[in-house]
Each structure stands twice: as C-alpha cells, then as structure tokens.
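Only one structure is covered here, and it is reproduced in the block below.
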Amino acid sequence: MKILVALKQVPDTESKIKVADTGNTIDQTDLKWITSPNDEYALEEALRLKEARGAEIIAVSIGSEKAKDVLRNALALGADSAVLLKTDSVEDPLVVARALSAFADGKNFDLLFFGHKCYGNDNGCVGVMTAELLGLPQAHVVTKLDISDAGFRAEREGDSGLEVIEGGLPAVITAQRGLNEPRYANLKGIMAAKKKPIEEIDCALSEAAIKISALTLPAPRSEGVRLDGDPSAQAVSLAARLRDEAKVI
Amino acid sequence: MILVFCEVKDGSTRKPSLEALSEARRLAGDDPVAALFVGDKLTGAEDAASYGADAIIKIESPTLASYSSDLFASAIADAVVAKGAKKLLLSATSIGKDAAPRIAARLGAGLAADVTALCLKDGRLQAIRPMYAGKANAAVDFNTDIQIATTRPNVFAVAKVSKAGAVETLPPPSGSFKSIVKEIIAKGSGKLDLTEADVIVSGGRGMKDGANFKLLEELAEAMGGVVGASRAAVDAGWNIPHSAQVGQTGKVVSPALYIACGISGAIQHVAGISGARFIVAINKDPDAPIFKLADYGIVGDLFEVVPELTKAIRAIKSDSK
C-alpha cells in the first residue's frame, strides 16, 4: 500500500494574529510554527495503517524552506520519505490542490490523507479539490476509518447524524479530530529521521482563482455588565436582560 | 444568474439554504436567481419561491436518493454550465462543505469558503471570510469567470420575497458514484448542529464532571438551544463527543446567544465564538478572561446559578404563553 499524507505548516493555534504592513497577510514575526492539528490525525491514521497492513508513507508539504520542520517531524513519527514542493506562500486552495494532484498523478497512491481543514486559511477545501482533480472518491471530515481490500468505510459527522460513507480505492480521506490520538516522536524516531531524505521540488503554481485583497482584525469585543446579587437575583436579572435588551428569548 | 444549491429536509427547504437564497436575491437585484435541488422525489423545494427564486431547478433520480460527493458535485457543476450561471452559492452545511470544493475544482472556479458577507465588485463576487478561526477577516476577490461561495450558517438573514419559482428539471448525471453515504445514524430528533443553533449553552473544565452537563441540557432545553463544550471538557474524558467542541480546533459558531459556563476563555475558545451576537459568562473566577468579552457576566458558582437561570427562563417563557 502506498500512502500520501499532505501536511501544512501553520502558526501555533495560541498565536495572536497581527496583520503585516502589506495589509493582506499576517505578520510572521515572532510566530511559532506547527503542523496543522487536523493534519496530525491524517498522519497518525496513515501510520496505523502502515503498522496494521504494511505501507509506504510519503509526507508532502507545500511551502518554503521552513516547512521542512513539518516534514522532518513526519519522518520522525514514521513516514518513509518526504517531499517539499517548494514555493512562496499560497493562499488559494485550488492552486494548492492542483500542485498536489500534479505531484500525485501517476504515482499509484492507494490513499491520500489530508487534514479536513488547515488552521489558518480555514478553507477545508484542498483535500476535496485534490480528489476531484484526480477523479477519486472522497470521505471528508472523517472520525472513523476502516480500510479493506474492497475499499474504505468511513464515518463522518453530518448535519443530521453520523454518516457512513463507502467507496473504492484509491481514495482521498480528510481527517477530523476524534479519528485517533496522534503519537509523539521518540528519540529513536528523531534520530532515524535525520537519515531519511527530504526531496525538494520547485513547484510551479497555476494562476490563482481567488486572492486576498485585505486582511483585517475583527473589532475587539468589550466587556459588558456584571450582574450582582445572590445566584437567584443574578439569574432573574440575566433572564430579564436577555429578554429585554438582547431580545434572544 | 445566481444559482443557489438548496437542501430539503423533512419536506421543507433547510434554513441554511434559505439564508443563502435570500443573500443571492439581495445580491442579484433584477437578475434572475435559481434554486437548485438535487435528490430523489424532492418535496419542499417549492418553498424557494417565497425566498426570491425566479426558478426552481430540480435534478431528480433514484441514483441521487443518497448523498454522493462526486455525483452531487457533477450534477451541480453540470447545472452551472447548463444554465450559464456565473455565480454559485451553497450554504456551508456538511453537504455544502463536502461538495463545493469538488464543484470548484471541476469548473476551475474560485471558491470562497464559509463566508460571512458578500457583495458585488465589478460584476464579480467579493467575499469576507474569517481566517485563523475568526482571529482575522479576509476580503477575497475572484479572478475567475465563475465564482463560488459557501455561506456560513446563521450569519445571513432570511428574507421573504415572492417570486415565480417556475419549476424546471435537468437530467441527472450519467455514470455511477465513486463514494456514497450508505447509512445515517441519526442524532436525537430536532437536535440542531452547533453551527446552526441560535442558542448554545457550553460547559468547560468548571463543570467538574460529564454528568453535570445535565444542568446545561436543562438550560438549553428551556431556551430551545443546544449544548456545547470547551476543549478542556472534551479532553477531560467525560464522555463528551468531539462534535460538541466549540473553538478553534472544534466548531466555529455564530449563535444569537452563547452561554459559557465554567469556561475560562482560552484564546482558541474565544476565537471560535467571536461570531456570537451575545455572550454570557458564568464563572467563579472574577479574573477569568472570558469576562473580557462577555456582554453579561455572572461571577458565581455555576452549580447554583445555572439551575436558577433555567428556572427564571422557564418563568419568562410560561408568562409569554
């Protein structure tokens, strides 16, 4: 079995976001960078498949030189090789999906794993777009996955309940929190990763379909009123304000 | 023409779809708006005429009885081409989020996902969409002839505008599905998803135990809302599902009212509730960061305050009957 895991490097979720002087992107000064959390579930699922069935895992990231950290971490966790599709920042998910599908096309992957949405752009599109571009079935926002020789059976949370999706392989799976508990890299893995190669490919990007013309920070919320008194008085006062001021009941 | 993909449920058009449709009507001015429905034996599509649809387009086939990402995406993309539509809106429901990127890739069209505002600029859509889980807002411009956006549920107003709603049909896509929903294990009847709920009562570490969420269930029920949780509560091993998690790594929500009980207000949680119209914080720590953004704050023991609040809400509701 041959598995691709797509990983994105994003600012730590605890980061305060500041807008850069250009006005349409974030200020990267002082940011700590991590693997996008949903991508960790994607990688972990691939690692578990490798342990259960045997598989070759190729970790892929699109980004600048520093995205190698994400790939090195994937190698330390058990990915067999890693590829950096080297480019400046890309904000259009369609451009990313085109680059990934161009990379994956013809390489006979049985499974392509993505996080269902990367923290940052919050598009939740790249995995699904890649599936369409490669003509593959998809299971998006997956919280449980079974792989058999016949194909996949995945569970995802739909608006009216838990959806069970079935399809054949090869397939694109996008991972959601709940799918598994990602492991941490151990020293042995970290040492072994140093010997594994990270291939660099200069990535030619297609023309963007969307572009961000301005990035702004939302107006900060201000503190409202604190309600005093004993619990009963506080509750009665709140209920009255919710009815009369907020008009939500 | 603006085409709006709409979903029906239990014999009527879903509210998130009506929101997208209403927004399309507002944007279109005198241009036509068409509501597109895909499925088998669709009932409830007629609603769309009351919310601004000049045309109601149905693609019906037994092969579309159950949702398939690829089959629905090709049906919708084919309809865009057949009608010559340059703009497609879908609500960012679980189906909308699943199908829209496939449609965009198929058509080579730009997609702005989960938008919170739309306008027209030089005849093309321009979208505002939250990024970094709501810590920033991006203005998105399109470079493509066809523009697609998914609208965040609970953000756009539903507006009644009567239009002809002339029904037409388009043929279903040929070929078989690549993947399909085999089964839906339904949650409790009438339970809304957090992203669609008007009122969310959420619990954090201060709830101390999963069993105590019963207090929040009661308050939510009194208010017609649903129960959510912070990451701390979900991670505490209290048997609270991941699907209930609100925040950056969970769901970004935009209810009219968000009641945070025993939630301190970590930056990731706060980002996920920035779209709430009103925020109430109930916490025994007067210095909890959540108070800094709460419209109404109660410093107190949630185990005392929440049952009193449930009682007070019930009293108001029974008075108004």
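We name chains A, B, ... following the order of the structure tokens; residues begin at 1 in each chain, and ligands are numbered from 1 as shown.
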Item to complete: Find the residues in chain B near chain A: any atom within 6 Å counts, using only C-alpha atoms. Write them as a PyMOL selection string.
Response: chain B and resi 94+101-102+105+110+113+131-132+136-144+178-187+193+292-298+305+308-309+312-313
Practice prompt. Give the alpha helix (DSSP H) residues of stretch 52-298 of chain B, as assigned by DSSP on the backbone, as a PyMOL selection string.
Written response: chain B and resi 69-83+94-107+213-223+231-235+267-272
I need the chosen residues saved as a tab-separated table (two decimals), in the first residue's frame, with C-alpha atoms.
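This is the output file out_22.tsv:
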```tsv
chain	number	residue	atom	x	y	z
B	69	SER	CA	-19.84	13.66	-3.03
B	70	ASP	CA	-18.83	13.10	-6.64
B	71	LEU	CA	-22.28	12.54	-8.11
B	72	PHE	CA	-23.80	15.59	-6.42
B	73	ALA	CA	-20.78	17.70	-7.36
B	74	SER	CA	-21.07	16.72	-11.01
B	75	ALA	CA	-24.86	17.30	-11.00
B	76	ILE	CA	-24.39	20.80	-9.57
B	77	ALA	CA	-21.42	21.65	-11.80
B	78	ASP	CA	-23.39	20.48	-14.85
B	79	ALA	CA	-26.28	22.73	-13.82
B	80	VAL	CA	-23.95	25.73	-13.53
B	81	VAL	CA	-22.76	25.08	-17.07
B	82	ALA	CA	-26.23	24.29	-18.46
B	83	LYS	CA	-27.72	27.49	-17.05
B	94	SER	CA	-21.94	19.40	5.95
B	95	ILE	CA	-23.05	18.72	2.35
B	96	GLY	CA	-22.14	22.21	1.14
B	97	LYS	CA	-18.64	21.93	2.57
B	98	ASP	CA	-18.29	18.47	1.05
B	99	ALA	CA	-19.50	19.29	-2.46
B	100	ALA	CA	-18.37	22.89	-3.08
B	101	PRO	CA	-14.61	22.24	-3.38
B	102	ARG	CA	-15.29	19.40	-5.84
B	103	ILE	CA	-17.50	21.67	-7.92
B	104	ALA	CA	-14.89	24.44	-7.89
B	105	ALA	CA	-12.13	22.06	-8.95
B	106	ARG	CA	-14.34	20.64	-11.68
B	107	LEU	CA	-15.19	24.07	-13.07
B	213	PHE	CA	-23.75	18.60	31.83
B	214	LYS	CA	-27.33	17.60	32.63
B	215	LEU	CA	-27.68	21.08	34.16
B	216	LEU	CA	-26.70	22.60	30.82
B	217	GLU	CA	-29.05	20.27	28.94
B	218	GLU	CA	-31.91	21.56	31.06
B	219	LEU	CA	-31.00	25.19	30.47
B	220	ALA	CA	-30.54	24.57	26.75
B	221	GLU	CA	-33.89	22.83	26.58
B	222	ALA	CA	-35.61	25.74	28.35
B	223	MET	CA	-34.10	28.12	25.78
B	231	ARG	CA	-11.76	21.58	24.50
B	232	ALA	CA	-10.83	21.13	28.15
B	233	ALA	CA	-14.19	19.47	28.82
B	234	VAL	CA	-13.94	17.23	25.75
B	235	ASP	CA	-10.40	16.20	26.64
B	267	ILE	CA	-7.67	32.21	23.04
B	268	GLN	CA	-8.64	29.18	20.93
B	269	HIS	CA	-12.09	29.02	22.50
B	270	VAL	CA	-12.67	32.73	22.24
B	271	ALA	CA	-11.79	32.67	18.53
B	272	GLY	CA	-14.50	30.09	17.94
```
Run DSSP on the backbone of this structure and report the residues of stretch 129-313 of chain B it assigns to strand (DSSP E), as a tab-separated table (two decimals) with N, CA and C atoms, in the first residue's frame.
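To be explicit, this is the file written out as part_34.tsv:
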```
chain	number	residue	atom	x	y	z
B	129	ARG	N	-14.43	36.58	4.64
B	129	ARG	CA	-14.45	35.29	5.33
B	129	ARG	C	-13.46	35.29	6.48
B	130	PRO	N	-13.87	34.70	7.60
B	130	PRO	CA	-12.96	34.62	8.74
B	130	PRO	C	-11.82	33.65	8.46
B	131	MET	N	-10.64	34.02	8.94
B	131	MET	CA	-9.49	33.13	8.89
B	131	MET	C	-8.94	32.99	10.30
B	136	ALA	N	-9.04	36.77	12.36
B	136	ALA	CA	-8.86	37.77	11.30
B	136	ALA	C	-9.97	37.59	10.26
B	137	ASN	N	-10.24	38.66	9.51
B	137	ASN	CA	-11.21	38.58	8.42
B	137	ASN	C	-10.51	38.94	7.12
B	138	ALA	N	-10.74	38.11	6.10
B	138	ALA	CA	-10.12	38.37	4.81
B	138	ALA	C	-11.16	38.85	3.81
B	139	ALA	N	-10.80	39.84	3.01
B	139	ALA	CA	-11.61	40.22	1.85
B	139	ALA	C	-11.06	39.43	0.68
B	140	VAL	N	-11.92	38.64	0.04
B	140	VAL	CA	-11.47	37.75	-1.03
B	140	VAL	C	-12.03	38.21	-2.37
B	141	ASP	N	-11.14	38.40	-3.33
B	141	ASP	CA	-11.53	38.74	-4.69
B	141	ASP	C	-11.37	37.52	-5.59
B	142	PHE	N	-12.18	37.47	-6.62
B	142	PHE	CA	-12.13	36.33	-7.55
B	142	PHE	C	-11.45	36.73	-8.85
B	147	GLN	N	-17.75	32.19	-10.06
B	147	GLN	CA	-17.37	32.40	-8.68
B	147	GLN	C	-18.30	31.60	-7.76
B	148	ILE	N	-17.70	30.93	-6.79
B	148	ILE	CA	-18.46	30.07	-5.89
B	148	ILE	C	-18.19	30.50	-4.45
B	149	ALA	N	-19.24	30.53	-3.65
B	149	ALA	CA	-19.05	30.82	-2.23
B	149	ALA	C	-19.96	29.93	-1.41
B	150	THR	N	-19.47	29.49	-0.25
B	150	THR	CA	-20.35	28.82	0.71
B	150	THR	C	-20.59	29.80	1.85
B	151	THR	N	-21.86	29.92	2.24
B	151	THR	CA	-22.24	30.90	3.25
B	151	THR	C	-22.31	30.25	4.63
B	166	ALA	N	-40.72	29.22	-11.04
B	166	ALA	CA	-41.11	28.28	-12.10
B	166	ALA	C	-40.23	27.02	-12.05
B	167	VAL	N	-40.89	25.88	-11.98
B	167	VAL	CA	-40.15	24.64	-11.81
B	167	VAL	C	-39.66	24.11	-13.15
B	168	GLU	N	-38.40	23.77	-13.22
B	168	GLU	CA	-37.86	23.08	-14.38
B	168	GLU	C	-36.99	21.92	-13.91
B	169	THR	N	-36.70	21.02	-14.83
B	169	THR	CA	-35.86	19.89	-14.43
B	169	THR	C	-34.65	19.80	-15.34
B	179	SER	N	-18.18	7.35	-4.35
B	179	SER	CA	-18.42	7.06	-2.93
B	179	SER	C	-19.84	7.49	-2.62
B	180	ILE	N	-20.41	6.91	-1.58
B	180	ILE	CA	-21.81	7.22	-1.26
B	180	ILE	C	-22.06	7.07	0.24
B	181	VAL	N	-23.02	7.85	0.74
B	181	VAL	CA	-23.45	7.70	2.12
B	181	VAL	C	-24.34	6.46	2.19
B	182	LYS	N	-23.89	5.44	2.90
B	182	LYS	CA	-24.61	4.17	2.99
B	182	LYS	C	-25.68	4.22	4.05
B	183	GLU	N	-25.42	5.04	5.05
B	183	GLU	CA	-26.29	4.97	6.23
B	183	GLU	C	-26.10	6.27	7.01
B	184	ILE	N	-27.18	6.75	7.63
B	184	ILE	CA	-27.06	7.89	8.54
B	184	ILE	C	-27.59	7.46	9.90
B	185	ILE	N	-26.72	7.51	10.88
B	185	ILE	CA	-27.14	7.16	12.24
B	185	ILE	C	-27.61	8.47	12.88
B	186	ALA	N	-28.93	8.67	12.91
B	186	ALA	CA	-29.49	9.97	13.28
B	186	ALA	C	-29.23	10.30	14.73
B	199	VAL	N	-29.08	29.31	20.07
B	199	VAL	CA	-28.62	29.42	21.46
B	199	VAL	C	-27.71	28.23	21.75
B	200	ILE	N	-26.54	28.51	22.30
B	200	ILE	CA	-25.62	27.45	22.70
B	200	ILE	C	-25.27	27.63	24.17
B	201	VAL	N	-25.46	26.58	24.94
B	201	VAL	CA	-25.05	26.58	26.34
B	201	VAL	C	-23.84	25.66	26.44
B	202	SER	N	-22.69	26.23	26.79
B	202	SER	CA	-21.46	25.48	26.72
B	202	SER	C	-20.83	25.31	28.10
B	203	GLY	N	-20.20	24.16	28.32
B	203	GLY	CA	-19.54	23.90	29.58
B	203	GLY	C	-18.06	23.67	29.41
B	226	VAL	N	-28.84	24.26	22.12
B	226	VAL	CA	-28.08	23.00	22.18
B	226	VAL	C	-26.85	23.18	23.08
B	227	VAL	N	-26.28	22.06	23.49
B	227	VAL	CA	-25.17	22.09	24.43
B	227	VAL	C	-23.84	21.91	23.69
B	228	GLY	N	-22.88	22.74	24.04
B	228	GLY	CA	-21.53	22.61	23.51
B	228	GLY	C	-20.55	22.43	24.64
B	229	ALA	N	-19.27	22.38	24.30
B	229	ALA	CA	-18.25	22.19	25.33
B	229	ALA	C	-16.94	22.81	24.88
B	257	LEU	N	-27.00	33.75	20.90
B	257	LEU	CA	-26.62	33.77	22.32
B	257	LEU	C	-25.71	32.60	22.65
B	258	TYR	N	-24.60	32.91	23.29
B	258	TYR	CA	-23.66	31.87	23.72
B	258	TYR	C	-23.48	31.99	25.22
B	259	ILE	N	-23.80	30.96	25.96
B	259	ILE	CA	-23.67	30.99	27.41
B	259	ILE	C	-22.51	30.08	27.81
B	260	ALA	N	-21.44	30.68	28.30
B	260	ALA	CA	-20.23	29.93	28.66
B	260	ALA	C	-20.23	29.66	30.16
B	261	CYS	N	-20.31	28.40	30.53
B	261	CYS	CA	-20.39	28.03	31.94
B	261	CYS	C	-19.11	27.32	32.37
B	278	PHE	N	-24.48	37.67	21.30
B	278	PHE	CA	-24.35	37.96	22.73
B	278	PHE	C	-23.64	36.82	23.43
B	279	ILE	N	-22.77	37.19	24.35
B	279	ILE	CA	-22.05	36.18	25.12
B	279	ILE	C	-22.34	36.39	26.60
B	280	VAL	N	-22.70	35.31	27.27
B	280	VAL	CA	-22.88	35.33	28.72
B	280	VAL	C	-21.78	34.45	29.33
B	281	ALA	N	-21.14	34.94	30.37
B	281	ALA	CA	-20.14	34.13	31.06
B	281	ALA	C	-20.57	33.90	32.49
B	282	ILE	N	-20.53	32.64	32.90
B	282	ILE	CA	-20.80	32.30	34.29
B	282	ILE	C	-19.56	31.57	34.79
B	283	ASN	N	-18.86	32.19	35.74
B	283	ASN	CA	-17.60	31.61	36.20
B	283	ASN	C	-17.32	32.11	37.61
B	296	TYR	N	-22.73	39.89	29.23
B	296	TYR	CA	-23.25	39.76	30.59
B	296	TYR	C	-22.38	38.77	31.35
B	297	GLY	N	-21.87	39.20	32.49
B	297	GLY	CA	-21.02	38.33	33.29
B	297	GLY	C	-21.65	38.05	34.65
B	298	ILE	N	-21.57	36.81	35.06
B	298	ILE	CA	-22.01	36.46	36.41
B	298	ILE	C	-20.84	35.78	37.10
B	299	VAL	N	-20.31	36.43	38.13
B	299	VAL	CA	-19.30	35.80	38.95
B	299	VAL	C	-20.04	35.00	40.00
```
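Take atom CA of B:Cys6 and atom CA of B:Phe37: the distance between them is 5.4 Å.
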Worksheet item: Could you name the residues that touch stretch 55-57 of chain A at 8 Å or less, counting only C-alpha atoms, but leaving out those on the same chain fewer than 6 positions away, as a PyMOL selection string?
Response: chain A and resi 1-5+46-47+49+78-81
Take the residues that were just selected and, keeping all heavy atoms, output them as a PDB file, in the first residue's frame.
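After the write, out.pdb holds the following:
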```pdb
ATOM      1  N   MET A   1       0.837  -1.201   0.000  1.00  0.00           N
ATOM      2  CA  MET A   1       0.000   0.000   0.000  1.00  0.00           C
ATOM      3  C   MET A   1       0.874   1.254   0.000  1.00  0.00           C
ATOM      4  O   MET A   1       1.872   1.316   0.693  1.00  0.00           O
ATOM      5  CB  MET A   1      -0.858  -0.036   1.267  1.00  0.00           C
ATOM      6  CG  MET A   1      -1.962   0.964   1.282  1.00  0.00           C
ATOM      7  SD  MET A   1      -3.185   0.547   2.544  1.00  0.00           S
ATOM      8  CE  MET A   1      -4.643   0.458   1.536  1.00  0.00           C
ATOM      9  N   LYS A   2       0.498   2.227  -0.800  1.00  0.00           N
ATOM     10  CA  LYS A   2       1.274   3.452  -0.891  1.00  0.00           C
ATOM     11  C   LYS A   2       0.381   4.627  -0.469  1.00  0.00           C
ATOM     12  O   LYS A   2      -0.720   4.788  -1.003  1.00  0.00           O
ATOM     13  CB  LYS A   2       1.758   3.615  -2.341  1.00  0.00           C
ATOM     14  CG  LYS A   2       2.894   4.596  -2.511  1.00  0.00           C
ATOM     15  CD  LYS A   2       3.423   4.518  -3.953  1.00  0.00           C
ATOM     16  CE  LYS A   2       4.311   5.705  -4.256  1.00  0.00           C
ATOM     17  NZ  LYS A   2       4.698   5.746  -5.669  1.00  0.00           N
ATOM     18  N   ILE A   3       0.876   5.377   0.487  1.00  0.00           N
ATOM     19  CA  ILE A   3       0.039   6.419   1.087  1.00  0.00           C
ATOM     20  C   ILE A   3       0.718   7.780   1.002  1.00  0.00           C
ATOM     21  O   ILE A   3       1.895   7.915   1.346  1.00  0.00           O
ATOM     22  CB  ILE A   3      -0.248   6.105   2.578  1.00  0.00           C
ATOM     23  CG1 ILE A   3      -0.961   4.750   2.713  1.00  0.00           C
ATOM     24  CG2 ILE A   3      -1.091   7.212   3.208  1.00  0.00           C
ATOM     25  CD1 ILE A   3      -1.176   4.311   4.159  1.00  0.00           C
ATOM     26  N   LEU A   4      -0.042   8.759   0.562  1.00  0.00           N
ATOM     27  CA  LEU A   4       0.426  10.144   0.605  1.00  0.00           C
ATOM     28  C   LEU A   4      -0.237  10.835   1.795  1.00  0.00           C
ATOM     29  O   LEU A   4      -1.436  10.692   2.022  1.00  0.00           O
ATOM     30  CB  LEU A   4       0.062  10.872  -0.694  1.00  0.00           C
ATOM     31  CG  LEU A   4       0.437  12.356  -0.819  1.00  0.00           C
ATOM     32  CD1 LEU A   4       0.708  12.696  -2.290  1.00  0.00           C
ATOM     33  CD2 LEU A   4      -0.639  13.289  -0.288  1.00  0.00           C
ATOM     34  N   VAL A   5       0.554  11.557   2.570  1.00  0.00           N
ATOM     35  CA  VAL A   5      -0.018  12.391   3.631  1.00  0.00           C
ATOM     36  C   VAL A   5       0.409  13.835   3.363  1.00  0.00           C
ATOM     37  O   VAL A   5       1.601  14.136   3.288  1.00  0.00           O
ATOM     38  CB  VAL A   5       0.467  11.956   5.030  1.00  0.00           C
ATOM     39  CG1 VAL A   5      -0.215  12.820   6.093  1.00  0.00           C
ATOM     40  CG2 VAL A   5       0.168  10.491   5.285  1.00  0.00           C
ATOM     41  N   ALA A  46      -2.423   7.183   8.847  1.00  0.00           N
ATOM     42  CA  ALA A  46      -1.543   6.515   7.884  1.00  0.00           C
ATOM     43  C   ALA A  46      -0.546   5.610   8.605  1.00  0.00           C
ATOM     44  O   ALA A  46      -0.278   4.479   8.183  1.00  0.00           O
ATOM     45  CB  ALA A  46      -0.809   7.556   7.040  1.00  0.00           C
ATOM     46  N   LEU A  47      -0.001   6.105   9.715  1.00  0.00           N
ATOM     47  CA  LEU A  47       0.970   5.305  10.478  1.00  0.00           C
ATOM     48  C   LEU A  47       0.320   4.031  11.011  1.00  0.00           C
ATOM     49  O   LEU A  47       0.923   2.964  11.021  1.00  0.00           O
ATOM     50  CB  LEU A  47       1.535   6.133  11.638  1.00  0.00           C
ATOM     51  CG  LEU A  47       2.395   7.342  11.232  1.00  0.00           C
ATOM     52  CD1 LEU A  47       2.693   8.219  12.443  1.00  0.00           C
ATOM     53  CD2 LEU A  47       3.688   6.887  10.554  1.00  0.00           C
ATOM     54  N   LEU A  49      -2.195   2.442   9.680  1.00  0.00           N
ATOM     55  CA  LEU A  49      -2.389   1.531   8.544  1.00  0.00           C
ATOM     56  C   LEU A  49      -1.085   0.830   8.191  1.00  0.00           C
ATOM     57  O   LEU A  49      -1.069  -0.357   7.871  1.00  0.00           O
ATOM     58  CB  LEU A  49      -2.908   2.301   7.336  1.00  0.00           C
ATOM     59  CG  LEU A  49      -4.413   2.526   7.291  1.00  0.00           C
ATOM     60  CD1 LEU A  49      -4.759   3.532   6.215  1.00  0.00           C
ATOM     61  CD2 LEU A  49      -5.138   1.199   7.021  1.00  0.00           C
ATOM     62  N   GLY A  78       7.427   8.325  11.578  1.00  0.00           N
ATOM     63  CA  GLY A  78       7.363   7.049  10.870  1.00  0.00           C
ATOM     64  C   GLY A  78       7.099   7.129   9.377  1.00  0.00           C
ATOM     65  O   GLY A  78       6.992   6.091   8.715  1.00  0.00           O
ATOM     66  N   ALA A  79       6.978   8.328   8.832  1.00  0.00           N
ATOM     67  CA  ALA A  79       6.861   8.426   7.374  1.00  0.00           C
ATOM     68  C   ALA A  79       8.162   7.952   6.746  1.00  0.00           C
ATOM     69  O   ALA A  79       9.235   8.111   7.327  1.00  0.00           O
ATOM     70  CB  ALA A  79       6.561   9.857   6.952  1.00  0.00           C
ATOM     71  N   ASP A  80       8.064   7.332   5.560  1.00  0.00           N
ATOM     72  CA  ASP A  80       9.256   6.744   4.947  1.00  0.00           C
ATOM     73  C   ASP A  80      10.080   7.765   4.177  1.00  0.00           C
ATOM     74  O   ASP A  80      11.297   7.667   4.131  1.00  0.00           O
ATOM     75  CB  ASP A  80       8.834   5.601   4.013  1.00  0.00           C
ATOM     76  CG  ASP A  80       8.158   4.508   4.801  1.00  0.00           C
ATOM     77  OD1 ASP A  80       8.871   3.775   5.502  1.00  0.00           O
ATOM     78  OD2 ASP A  80       6.919   4.418   4.765  1.00  0.00           O
ATOM     79  N   SER A  81       9.422   8.684   3.533  1.00  0.00           N
ATOM     80  CA  SER A  81      10.149   9.722   2.823  1.00  0.00           C
ATOM     81  C   SER A  81       9.297  10.992   2.805  1.00  0.00           C
ATOM     82  O   SER A  81       8.120  10.964   3.173  1.00  0.00           O
ATOM     83  CB  SER A  81      10.490   9.280   1.400  1.00  0.00           C
ATOM     84  OG  SER A  81       9.296   9.002   0.697  1.00  0.00           O
TER      85      SER A  81
END
```
Using only C-alpha atoms, which protein or nucleic acid residues come within 6 Å of A:Lys86? Drop anything in the same chain fewer than 6 positions from it, and give the result as a PDB file with N, CA and C atoms, in the first residue's frame.
```
ATOM      1  N   ILE A  62       3.608  21.728   0.961  1.00  0.00           N
ATOM      2  CA  ILE A  62       3.876  22.831   0.039  1.00  0.00           C
ATOM      3  C   ILE A  62       4.240  24.035   0.874  1.00  0.00           C
ATOM      4  N   GLY A  63       5.364  24.661   0.566  1.00  0.00           N
ATOM      5  CA  GLY A  63       5.722  25.827   1.354  1.00  0.00           C
ATOM      6  C   GLY A  63       7.176  26.187   1.161  1.00  0.00           C
ATOM      7  N   SER A  64       7.647  27.024   2.065  1.00  0.00           N
ATOM      8  CA  SER A  64       9.017  27.492   1.973  1.00  0.00           C
ATOM      9  C   SER A  64       9.932  26.535   2.736  1.00  0.00           C
ATOM     10  N   ILE A 201      11.290  19.830  -4.553  1.00  0.00           N
ATOM     11  CA  ILE A 201      10.881  20.038  -5.945  1.00  0.00           C
ATOM     12  C   ILE A 201      10.412  21.479  -6.081  1.00  0.00           C
ATOM     13  N   ASP A 202      10.969  22.183  -7.032  1.00  0.00           N
ATOM     14  CA  ASP A 202      10.476  23.539  -7.266  1.00  0.00           C
ATOM     15  C   ASP A 202       9.074  23.434  -7.839  1.00  0.00           C
ATOM     16  N   CYS A 203       8.158  24.118  -7.204  1.00  0.00           N
ATOM     17  CA  CYS A 203       6.758  23.920  -7.525  1.00  0.00           C
ATOM     18  C   CYS A 203       6.258  25.073  -8.391  1.00  0.00           C
TER      19      CYS A 203
END
```
